[in-house]
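To keep things clear, I will list the structure first and then write my remarks on it.
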Amino acid sequence: MDKQLLAMLVCPLCKGKLKYVRESGELQCLYDGLAYPIKDDIPVMLPEEARAMDADEKLPTSPGRTGEI
Ligand SMILES: [Zn+2]
């Protein structure tokens with residue numbers, strides 16, 4: 001995973017920073033509780049492709065939500 005590319009990526013839902021988890025090959029948004037898969041080194045930044053994380057994996061609040069759906 002390219003570190004520079006990684007630094008540019010944000011969650012498509014909340015625009016928050018993502019956490020790269022090497023072990024699972026996922027980019028996690030701890031605010032939305034979604035883990036985006038990385039396929040062939042390409043992050044798949046689609047909410048419908050993301051895995052819903054367990055409640056204890058995510059943070060309780062979302063930052064900067066401005067009323068988008
Ligand atoms: Zn998010």
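Just so we're on the same page: first chain in the structure tokens is A, next is B, and so on; residues restart at 1 for each chain, and ligands are numbered from 1 in the order they show up.
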
Name the residues in contact with stretch 26-36 of chain A at a cut-off of 8 Å, using only C-alpha atoms, excluding same-chain residues fewer than 6 positions from it; report them as a list in words.
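Counting only the stated atoms, we get Cys11, Leu13, Cys14, Gly16, Lys17, Leu18, Lys19, Tyr20, Pro43, Val44, Met45, Leu46, Pro47, Glu49, Ala50, Arg51, Ala52, Met53, Asp54, Ala55, Glu57, Lys58, Leu59, Pro60, Thr61, Ser62 and Pro63 of chain A.
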
Selection export as a PDB file, in the first residue's frame, atoms kept: N, CA and C atoms:
ATOM      1  N   CYS A  11     -12.608   8.843   3.990  1.00  0.00           N
ATOM      2  CA  CYS A  11     -13.877   8.131   3.917  1.00  0.00           C
ATOM      3  C   CYS A  11     -14.835   8.890   3.005  1.00  0.00           C
ATOM      4  N   LEU A  13     -17.936   8.844   2.994  1.00  0.00           N
ATOM      5  CA  LEU A  13     -19.147   9.241   3.708  1.00  0.00           C
ATOM      6  C   LEU A  13     -18.917  10.449   4.606  1.00  0.00           C
ATOM      7  N   CYS A  14     -17.916  10.371   5.461  1.00  0.00           N
ATOM      8  CA  CYS A  14     -17.724  11.434   6.451  1.00  0.00           C
ATOM      9  C   CYS A  14     -16.479  12.261   6.173  1.00  0.00           C
ATOM     10  N   GLY A  16     -13.613  11.580   6.760  1.00  0.00           N
ATOM     11  CA  GLY A  16     -12.660  11.429   7.848  1.00  0.00           C
ATOM     12  C   GLY A  16     -11.452  10.617   7.409  1.00  0.00           C
ATOM     13  N   LYS A  17     -10.413  10.682   8.220  1.00  0.00           N
ATOM     14  CA  LYS A  17      -9.212   9.899   7.926  1.00  0.00           C
ATOM     15  C   LYS A  17      -9.477   8.419   8.112  1.00  0.00           C
ATOM     16  N   LEU A  18      -8.804   7.642   7.291  1.00  0.00           N
ATOM     17  CA  LEU A  18      -8.968   6.196   7.369  1.00  0.00           C
ATOM     18  C   LEU A  18      -7.765   5.573   8.046  1.00  0.00           C
ATOM     19  N   LYS A  19      -8.009   4.446   8.657  1.00  0.00           N
ATOM     20  CA  LYS A  19      -6.943   3.716   9.315  1.00  0.00           C
ATOM     21  C   LYS A  19      -6.645   2.464   8.501  1.00  0.00           C
ATOM     22  N   TYR A  20      -5.394   2.352   8.071  1.00  0.00           N
ATOM     23  CA  TYR A  20      -5.007   1.181   7.295  1.00  0.00           C
ATOM     24  C   TYR A  20      -4.661   0.044   8.237  1.00  0.00           C
ATOM     25  N   PRO A  43      -7.534   0.540  -3.253  1.00  0.00           N
ATOM     26  CA  PRO A  43      -8.592   0.669  -2.250  1.00  0.00           C
ATOM     27  C   PRO A  43      -9.954   0.801  -2.920  1.00  0.00           C
ATOM     28  N   VAL A  44     -10.912   0.065  -2.436  1.00  0.00           N
ATOM     29  CA  VAL A  44     -12.262   0.125  -2.984  1.00  0.00           C
ATOM     30  C   VAL A  44     -13.088   1.028  -2.076  1.00  0.00           C
ATOM     31  N   MET A  45     -13.204   2.283  -2.482  1.00  0.00           N
ATOM     32  CA  MET A  45     -13.829   3.275  -1.622  1.00  0.00           C
ATOM     33  C   MET A  45     -15.329   3.388  -1.905  1.00  0.00           C
ATOM     34  N   LEU A  46     -16.008   2.292  -1.772  1.00  0.00           N
ATOM     35  CA  LEU A  46     -17.446   2.268  -2.009  1.00  0.00           C
ATOM     36  C   LEU A  46     -18.139   1.768  -0.746  1.00  0.00           C
ATOM     37  N   PRO A  47     -19.034   2.584  -0.219  1.00  0.00           N
ATOM     38  CA  PRO A  47     -19.723   2.163   1.006  1.00  0.00           C
ATOM     39  C   PRO A  47     -20.433   0.813   0.843  1.00  0.00           C
ATOM     40  N   GLU A  49     -19.442  -1.655  -0.801  1.00  0.00           N
ATOM     41  CA  GLU A  49     -18.457  -2.742  -0.793  1.00  0.00           C
ATOM     42  C   GLU A  49     -17.830  -2.912   0.581  1.00  0.00           C
ATOM     43  N   ALA A  50     -18.069  -1.956   1.454  1.00  0.00           N
ATOM     44  CA  ALA A  50     -17.387  -1.955   2.739  1.00  0.00           C
ATOM     45  C   ALA A  50     -18.019  -2.956   3.703  1.00  0.00           C
ATOM     46  N   ARG A  51     -17.174  -3.419   4.601  1.00  0.00           N
ATOM     47  CA  ARG A  51     -17.630  -4.332   5.644  1.00  0.00           C
ATOM     48  C   ARG A  51     -18.067  -3.510   6.862  1.00  0.00           C
ATOM     49  N   ALA A  52     -19.214  -3.865   7.387  1.00  0.00           N
ATOM     50  CA  ALA A  52     -19.645  -3.209   8.621  1.00  0.00           C
ATOM     51  C   ALA A  52     -18.835  -3.768   9.781  1.00  0.00           C
ATOM     52  N   MET A  53     -18.204  -2.870  10.513  1.00  0.00           N
ATOM     53  CA  MET A  53     -17.357  -3.302  11.610  1.00  0.00           C
ATOM     54  C   MET A  53     -18.202  -3.591  12.842  1.00  0.00           C
ATOM     55  N   ASP A  54     -17.623  -4.364  13.750  1.00  0.00           N
ATOM     56  CA  ASP A  54     -18.309  -4.645  15.000  1.00  0.00           C
ATOM     57  C   ASP A  54     -18.393  -3.383  15.847  1.00  0.00           C
ATOM     58  N   ALA A  55     -19.375  -3.337  16.707  1.00  0.00           N
ATOM     59  CA  ALA A  55     -19.600  -2.139  17.514  1.00  0.00           C
ATOM     60  C   ALA A  55     -18.384  -1.781  18.350  1.00  0.00           C
ATOM     61  N   GLU A  57     -15.374  -2.097  17.548  1.00  0.00           N
ATOM     62  CA  GLU A  57     -14.261  -1.658  16.713  1.00  0.00           C
ATOM     63  C   GLU A  57     -14.365  -0.173  16.389  1.00  0.00           C
ATOM     64  N   LYS A  58     -15.558   0.372  16.469  1.00  0.00           N
ATOM     65  CA  LYS A  58     -15.755   1.724  15.984  1.00  0.00           C
ATOM     66  C   LYS A  58     -15.894   2.725  17.116  1.00  0.00           C
ATOM     67  N   LEU A  59     -15.777   3.998  16.739  1.00  0.00           N
ATOM     68  CA  LEU A  59     -15.931   5.069  17.699  1.00  0.00           C
ATOM     69  C   LEU A  59     -17.393   5.493  17.755  1.00  0.00           C
ATOM     70  N   PRO A  60     -17.808   6.036  18.890  1.00  0.00           N
ATOM     71  CA  PRO A  60     -19.229   6.334  19.073  1.00  0.00           C
ATOM     72  C   PRO A  60     -19.742   7.544  18.304  1.00  0.00           C
ATOM     73  N   THR A  61     -18.893   8.463  17.907  1.00  0.00           N
ATOM     74  CA  THR A  61     -19.395   9.668  17.255  1.00  0.00           C
ATOM     75  C   THR A  61     -18.759   9.882  15.897  1.00  0.00           C
ATOM     76  N   SER A  62     -19.445  10.615  15.040  1.00  0.00           N
ATOM     77  CA  SER A  62     -18.918  10.964  13.733  1.00  0.00           C
ATOM     78  C   SER A  62     -18.491  12.426  13.730  1.00  0.00           C
ATOM     79  N   PRO A  63     -17.368  12.712  13.100  1.00  0.00           N
ATOM     80  CA  PRO A  63     -16.937  14.113  13.008  1.00  0.00           C
ATOM     81  C   PRO A  63     -17.497  14.769  11.763  1.00  0.00           C
TER      82      PRO A  63
END

Write down as an MDAnalysis selection string the residues belonging to chain A that are assigned helix (DSSP H, G or I) by DSSP computed on the backbone.
chainID A and resid 3:8 47:49 55:57

Go through chain A and collect every residue that DSSP, computed from the backbone, puts in strand (DSSP E or B); the answer should be as a list in words.
Val10, Lys17, Lys19, Tyr20, Val21, Glu26, Leu27, Gln28, Cys29, Leu34, Ala35, Tyr36, Pro37, Ile38, Lys39, Ile42, Pro43, Arg51 and Ala52 of chain A

Could you write out the selected residues, including C-alpha atoms, as a PDB file, in the first residue's frame?
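Final output, saved to out-v9.pdb:
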ATOM      1  CA  VAL A  10     -10.604   9.794   3.139  1.00  0.00           C
ATOM      2  CA  LYS A  17      -9.212   9.899   7.926  1.00  0.00           C
ATOM      3  CA  LYS A  19      -6.943   3.716   9.315  1.00  0.00           C
ATOM      4  CA  TYR A  20      -5.007   1.181   7.295  1.00  0.00           C
ATOM      5  CA  VAL A  21      -5.070  -2.235   8.857  1.00  0.00           C
ATOM      6  CA  GLU A  26      -8.635  -2.951   4.976  1.00  0.00           C
ATOM      7  CA  LEU A  27      -9.059   0.773   5.322  1.00  0.00           C
ATOM      8  CA  GLN A  28     -11.242   1.414   8.298  1.00  0.00           C
ATOM      9  CA  CYS A  29     -13.385   4.423   9.058  1.00  0.00           C
ATOM     10  CA  LEU A  34     -16.988   0.687   7.817  1.00  0.00           C
ATOM     11  CA  ALA A  35     -13.945  -1.195   6.595  1.00  0.00           C
ATOM     12  CA  TYR A  36     -13.112  -0.638   2.930  1.00  0.00           C
ATOM     13  CA  PRO A  37     -11.388  -3.542   1.207  1.00  0.00           C
ATOM     14  CA  ILE A  38      -8.155  -3.224  -0.757  1.00  0.00           C
ATOM     15  CA  LYS A  39      -8.180  -5.345  -3.894  1.00  0.00           C
ATOM     16  CA  ILE A  42      -6.406  -0.632  -5.053  1.00  0.00           C
ATOM     17  CA  PRO A  43      -8.592   0.669  -2.250  1.00  0.00           C
ATOM     18  CA  ARG A  51     -17.630  -4.332   5.644  1.00  0.00           C
ATOM     19  CA  ALA A  52     -19.645  -3.209   8.621  1.00  0.00           C
TER      20      ALA A  52
END

With only C-alpha atoms and all ligand atoms as the atoms that count, which of A:Asp41, A:Lys15, A:Glu23, A:Asp56 lies nearest to ligand 1?
A:Lys15
